[in-house]
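Q: Mind looking over this structure? Questions follow.
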Amino acid sequence: MSILFALAGNQNSGKTTLFNRLTGSNQHVGNFPGVTVEKKEGRLLLRKDAFVVDLPGIYSLSPYTAEEVVTRDFIVKEHPDAIINIVDATNIERNLYLSLQLMELEIPMVIALNMMDEVRASGNSIKVKALSEALGVPIVPISAGKNEGIHELVTVAVKIATEKQKPKRQDFCTGEIHKAIHSIAHIIEDHAAAAGYPVRFASTKMVEGDEPMQKELKLHDNELRLIAHITREMEEQLHTDREAALADMRYQFIENVCASCVIKKGESLEQLRSEKIDRILTHKYFGIPIFLGIMLLIFLLTFSVIGAPLQSLFEAGIDAATGWFSRWLERMDVNPALHSLLIDGVCTGVGSVLSFLPLIVLLFFFLSILEDSGYMARVAFVMDKLLRKIGLSGRSFVPMLIGFGCSVPAIMATRTLSSERDRKMTILLTPFMSCSAKLPIYGMITAAFFEKQAGIVMFSIYILGMLVAVLSGLLLKKTVFKGNPVPFVMELPAYRFPAAKSVLIHMWEKGKDFIRKAFTIIFLSTIVIWFLQSFGWNFQMVENSADSILASIGNLLAPLFIPLGFSDWKISTALITGFTAKESVVSTLTILTGAAEDASLYSALQSLFTPLSALSFLAFTILYMPCVAAFAASKQELGSLKSALLTAAYQTGAAYVVALLIYQIGRLFIG
Amino acid sequence: MTLDQLAPKKSATITAVGGIGALRRHLLDMGLTPGTKVTVRKVAPMGDPIELFLRGYVLTIRKEDAANIEIHGVMDV
């Protein structure tokens, strides 16, 4: 029989690193049912019959965020055989707060006491055996980063799961709270059993005044009255309210346990080091310039220094493969229409997009280093006030930064925002953060028109996107999204060296996503486009693309773009195909101009655009509605097709206005 | 006095946590409970939010939310 583990813990506790250690690259990424909280599942490297689900990083089992509710529901309803609770030993008090709540769920549990190497290196120590006895659960000291203790952790986890060894104690309370929890436990016992909740957990939640729990238990009016009476009495006796009373109770228990089990001579080396690093990185005057400098450096490295040569290499490989395939097809004497489909449609289209894979993987390499090192949280800290001006919180900055990689995960990451208003606004603004799929377009245009100024043009593109987001935020804050921004309470984790494995897995996942997209959405759209541009309305192959079905659709829309400076039907057609995936703009233009290689594509582009209208075209492509995958994500997160359509309409409208301004104002100067 | 008024490099002890709903619960869950010693490490470059040190870790909250937290016994760090 297979074993199912649930991996639970605080954010920044090293949970992802541990998950990667446990599963290697045997991971499956999906969503929890009904919500868009990411669910990662994997098979254990050390036990082929055991699986682990990575639950979201949370600090408590309160009912306020989707992550907390998902964790609760998963453990209560999916009945994992055991919980592996990862605890950051350098930050043990706050981490154990969640542990105490997890223990109440009456599922076998083991604590993986992570970062013990750091505790030791700082000259501190933890009496693991005494701590384990005090808490009533087995504890295995580990270092996920250094791959220490993982073997033992798995052994203990398997043992408690197979022996069904539940936490030995759930009672951390004394006095009035103890009385209240136990009195309520008697009242709700049958209801809790019927709803499938451990009675102790349900009772604690009722004392805390947890509304979802109250609904699930389906209590009668007289029972509710009785419970209200009990909690009121407790509050009066303790001179505090129910929520504060329980938080205080848990922390007091933890403080007492830590006082006897944790020997702390001083702050950890990591803490002290982080404080020093922050003197520079979140400095009053240097903090923001440094952040902008880091972003600029990442873009220069991605697009010029490292990315460009890698990309050329990749392109050469793809060209060689296409050439070989084409000659092979000729030797096999295949039908010319099929040859055209495979070479002009599929290979050229998908190939030109695939050549951007090195750039995307490289960008995610840097982004995951920013995330894993702890710098991303500092970015939120530094930028919060700015984002608050446009009605958001610093936390929205993180999804927006992910937006530079891909709008799809970025839009999904807005789930961590606890206010619906912030979520909606972030979803609307995130696509203005130019995503990596648009890179091929910028690459193409800069190569054709701004080869010498590639770095600065790229940088300006990104700045333009952000600028439009800010202006939109200001506008929307005053109109559609009136109301208060959400609370901003965020941990600043100690800086740590990112684990190479986590960074690599992250890059691999993103690369895989991109390749999958290339061979599904882009593959399909290149075939459709190839068909539309190779065939006329009579369904006969046409000699000239200008007679194709697509040309007539493009022609119909082309006049709309005259004020923006690009009125050729090939461009409007390419923009239409950009709805399927942004990379398709490049493959469509490649196919429509009949360019067989980059040089001829660039000269074809030079006849379609002036440098000024190329800029206006760039601005339009950064801003107009995101691809169909991102649109689907925003529909899901916004919860309605209408909101998603309005969002897309706003984005496309903004794109039109900005491109119009660039072209018309630019003309005044250029003449 | 309240936590938003505490100057950088000063510490104090929390006496009460005000406010309502999700924010208050979150502050309590993060360990800002009465009796806890908290230090203000620094203020963000644009003047808000503030960086706190408590229970061996670093937390950032906004001044307007810190205004809900009552403190006493201010000391230099």
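Each chain in the structure tokens gets a letter, A, B and so on, in the order shown; residues start at 1 in every chain, and ligands are counted from 1 in the order they appear.
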Using only C-alpha atoms, which protein or nucleic acid residues come within 6 Å of Ile14 in chain B? Drop anything in the same chain fewer than 4 positions from it, and give the result as a list of chain:residue names.
A: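 The residues satisfying every condition are B:Pro34, B:Gly35, B:Thr36, B:Glu70, B:Ile71.
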Q: Got a sec to tell me which of range 343-474 of chain A DSSP assigns to helix (DSSP H, G or I), as JSON, numbers by chain?
A: {"A": [343, 344, 345, 346, 347, 348, 349, 350, 351, 352, 353, 354, 357, 358, 359, 360, 361, 362, 363, 364, 365, 366, 367, 368, 369, 370, 371, 372, 373, 375, 376, 377, 378, 379, 380, 381, 382, 383, 384, 385, 386, 387, 388, 389, 394, 395, 396, 397, 398, 399, 400, 401, 402, 407, 408, 409, 410, 411, 412, 413, 414, 415, 416, 420, 421, 422, 423, 424, 425, 426, 427, 428, 429, 430, 431, 432, 436, 437, 438, 439, 440, 441, 442, 443, 444, 445, 446, 447, 448, 449, 454, 455, 456, 457, 458, 459, 460, 461, 462, 463, 464, 465, 466, 467, 468, 469, 470, 471, 472, 473, 474]}
Q: Define the interface residues of chain A facing chain B as those within 7 Å, counting only C-alpha atoms, and report them as a ChimeraX atom specification.
A: /A:59-60,64,91,93-94,243-244,247-248,282-285,287,381-382,385,487-493
Q: For Leu464 in chain A, work out the shell of residues within 10 Å, counting only C-alpha atoms and skipping chain neighbours fewer than 5 positions away, then give it as a PyMOL selection string.
A: chain A and resi 432-434+458-459+469-470+619+622-623+658
Q: Give the strand (DSSP E or B) residues of range 116-279 of chain A, as DSSP finds them on the backbone, and put them as JSON, numbers by chain.
A: {"A": [125, 126, 139, 140, 141, 143, 148, 262, 263]}
Q: As a list in words, please: the residues near Gly405 in chain A (cut-off 7 Å, only C-alpha atoms, same-chain neighbours under 4 positions excluded).
A: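 Here the qualifying residues turn out to be Phe364, Cys435 and Ser436 of chain A.
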Q: Pick out the closest residue to His72 in chain B from this set: B:Met1, B:Gly19, B:Val40, B:Lys9. Count only C-alpha atoms.
A: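 The answer is B:Met1, which sits nearest to His72 in chain B.
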Q: Could you name the residues that touch Asp4 in chain B at 7 Å or less, counting only C-alpha atoms, but leaving out those on the same chain fewer than 2 positions away, as number ranges by chain?
A: B: 2, 6, 63, 66-67
Q: Excluding Asp319 in chain A and its own-chain neighbours fewer than 6 positions away, which residues fall within 12 Å of it when counting only C-alpha atoms? Please give them as number ranges by chain.
A: A: 312-313, 325-326, 343, 347-352, 354-355, 596-598
Q: Can you spit out the residues from that selection as a short mmCIF file (atom, residue, chain, number, x, y, z; two decimals), in the first residue's frame, using N, CA, C and O atoms?
A:
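Output file out11.cif follows:
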```cif
data_model
loop_
_atom_site.label_atom_id
_atom_site.label_comp_id
_atom_site.auth_asym_id
_atom_site.auth_seq_id
_atom_site.Cartn_x
_atom_site.Cartn_y
_atom_site.Cartn_z
N SER A 312 22.07 32.62 -30.57
CA SER A 312 22.57 32.40 -31.93
C SER A 312 22.94 30.93 -32.12
O SER A 312 22.65 30.33 -33.15
N LEU A 313 23.55 30.38 -31.08
CA LEU A 313 23.96 28.98 -31.12
C LEU A 313 22.73 28.09 -31.32
O LEU A 313 22.71 27.18 -32.15
N PHE A 325 15.91 18.16 -42.28
CA PHE A 325 14.55 17.60 -42.37
C PHE A 325 13.95 17.89 -43.76
O PHE A 325 13.35 17.02 -44.39
N SER A 326 14.17 19.13 -44.24
CA SER A 326 13.65 19.55 -45.53
C SER A 326 14.23 18.69 -46.66
O SER A 326 13.51 18.21 -47.54
N ILE A 343 7.69 22.39 -43.36
CA ILE A 343 8.86 23.26 -43.32
C ILE A 343 8.46 24.72 -43.11
O ILE A 343 8.89 25.36 -42.15
N CYS A 347 8.12 23.96 -38.95
CA CYS A 347 9.52 24.14 -38.55
C CYS A 347 9.89 25.60 -38.42
O CYS A 347 10.51 26.02 -37.45
N THR A 348 9.51 26.40 -39.40
CA THR A 348 9.88 27.81 -39.36
C THR A 348 9.18 28.51 -38.20
O THR A 348 9.79 29.28 -37.47
N GLY A 349 7.89 28.23 -38.06
CA GLY A 349 7.12 28.89 -37.00
C GLY A 349 7.58 28.49 -35.62
O GLY A 349 8.00 29.33 -34.82
N VAL A 350 7.54 27.19 -35.33
CA VAL A 350 7.93 26.71 -34.01
C VAL A 350 9.41 26.97 -33.77
O VAL A 350 9.81 27.38 -32.68
N GLY A 351 10.21 26.76 -34.80
CA GLY A 351 11.65 26.95 -34.66
C GLY A 351 12.02 28.36 -34.25
O GLY A 351 12.84 28.56 -33.36
N SER A 352 11.39 29.35 -34.89
CA SER A 352 11.76 30.73 -34.58
C SER A 352 11.39 31.07 -33.14
O SER A 352 12.04 31.88 -32.50
N LEU A 354 11.17 28.70 -30.64
CA LEU A 354 12.02 27.87 -29.77
C LEU A 354 13.40 28.48 -29.56
O LEU A 354 14.01 28.29 -28.53
N SER A 355 13.86 29.26 -30.55
CA SER A 355 15.20 29.83 -30.42
C SER A 355 15.25 30.83 -29.26
O SER A 355 16.32 31.27 -28.87
N ALA A 596 13.00 33.22 -45.22
CA ALA A 596 13.54 31.90 -44.90
C ALA A 596 14.58 31.99 -43.80
O ALA A 596 14.86 31.03 -43.11
N GLU A 597 15.18 33.16 -43.64
CA GLU A 597 16.21 33.30 -42.61
C GLU A 597 16.08 34.69 -41.98
O GLU A 597 15.36 35.55 -42.49
N ASP A 598 16.79 34.89 -40.86
CA ASP A 598 16.65 36.14 -40.12
C ASP A 598 16.94 37.37 -40.96
O ASP A 598 16.20 38.35 -40.91
#
```
Q: Can you list, as an MDAnalysis selection string, every protein, DNA or RNA residue that comes within 12 Å of Ile576 in chain A when you count only C-alpha atoms, leaving out same-chain residues fewer than 6 positions away?
A: chainID A and resid 525 529 550:551 553:558 569:570 582:586 588:589 621 624:628 652
Q: Can you tell me how far CA of Val158 in chain A sits from CA of Val199 in chain A, in Å to one decimal?
A: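 Answer for the CA of Val158 in chain A to CA of Val199 in chain A separation: 25.7 Å.
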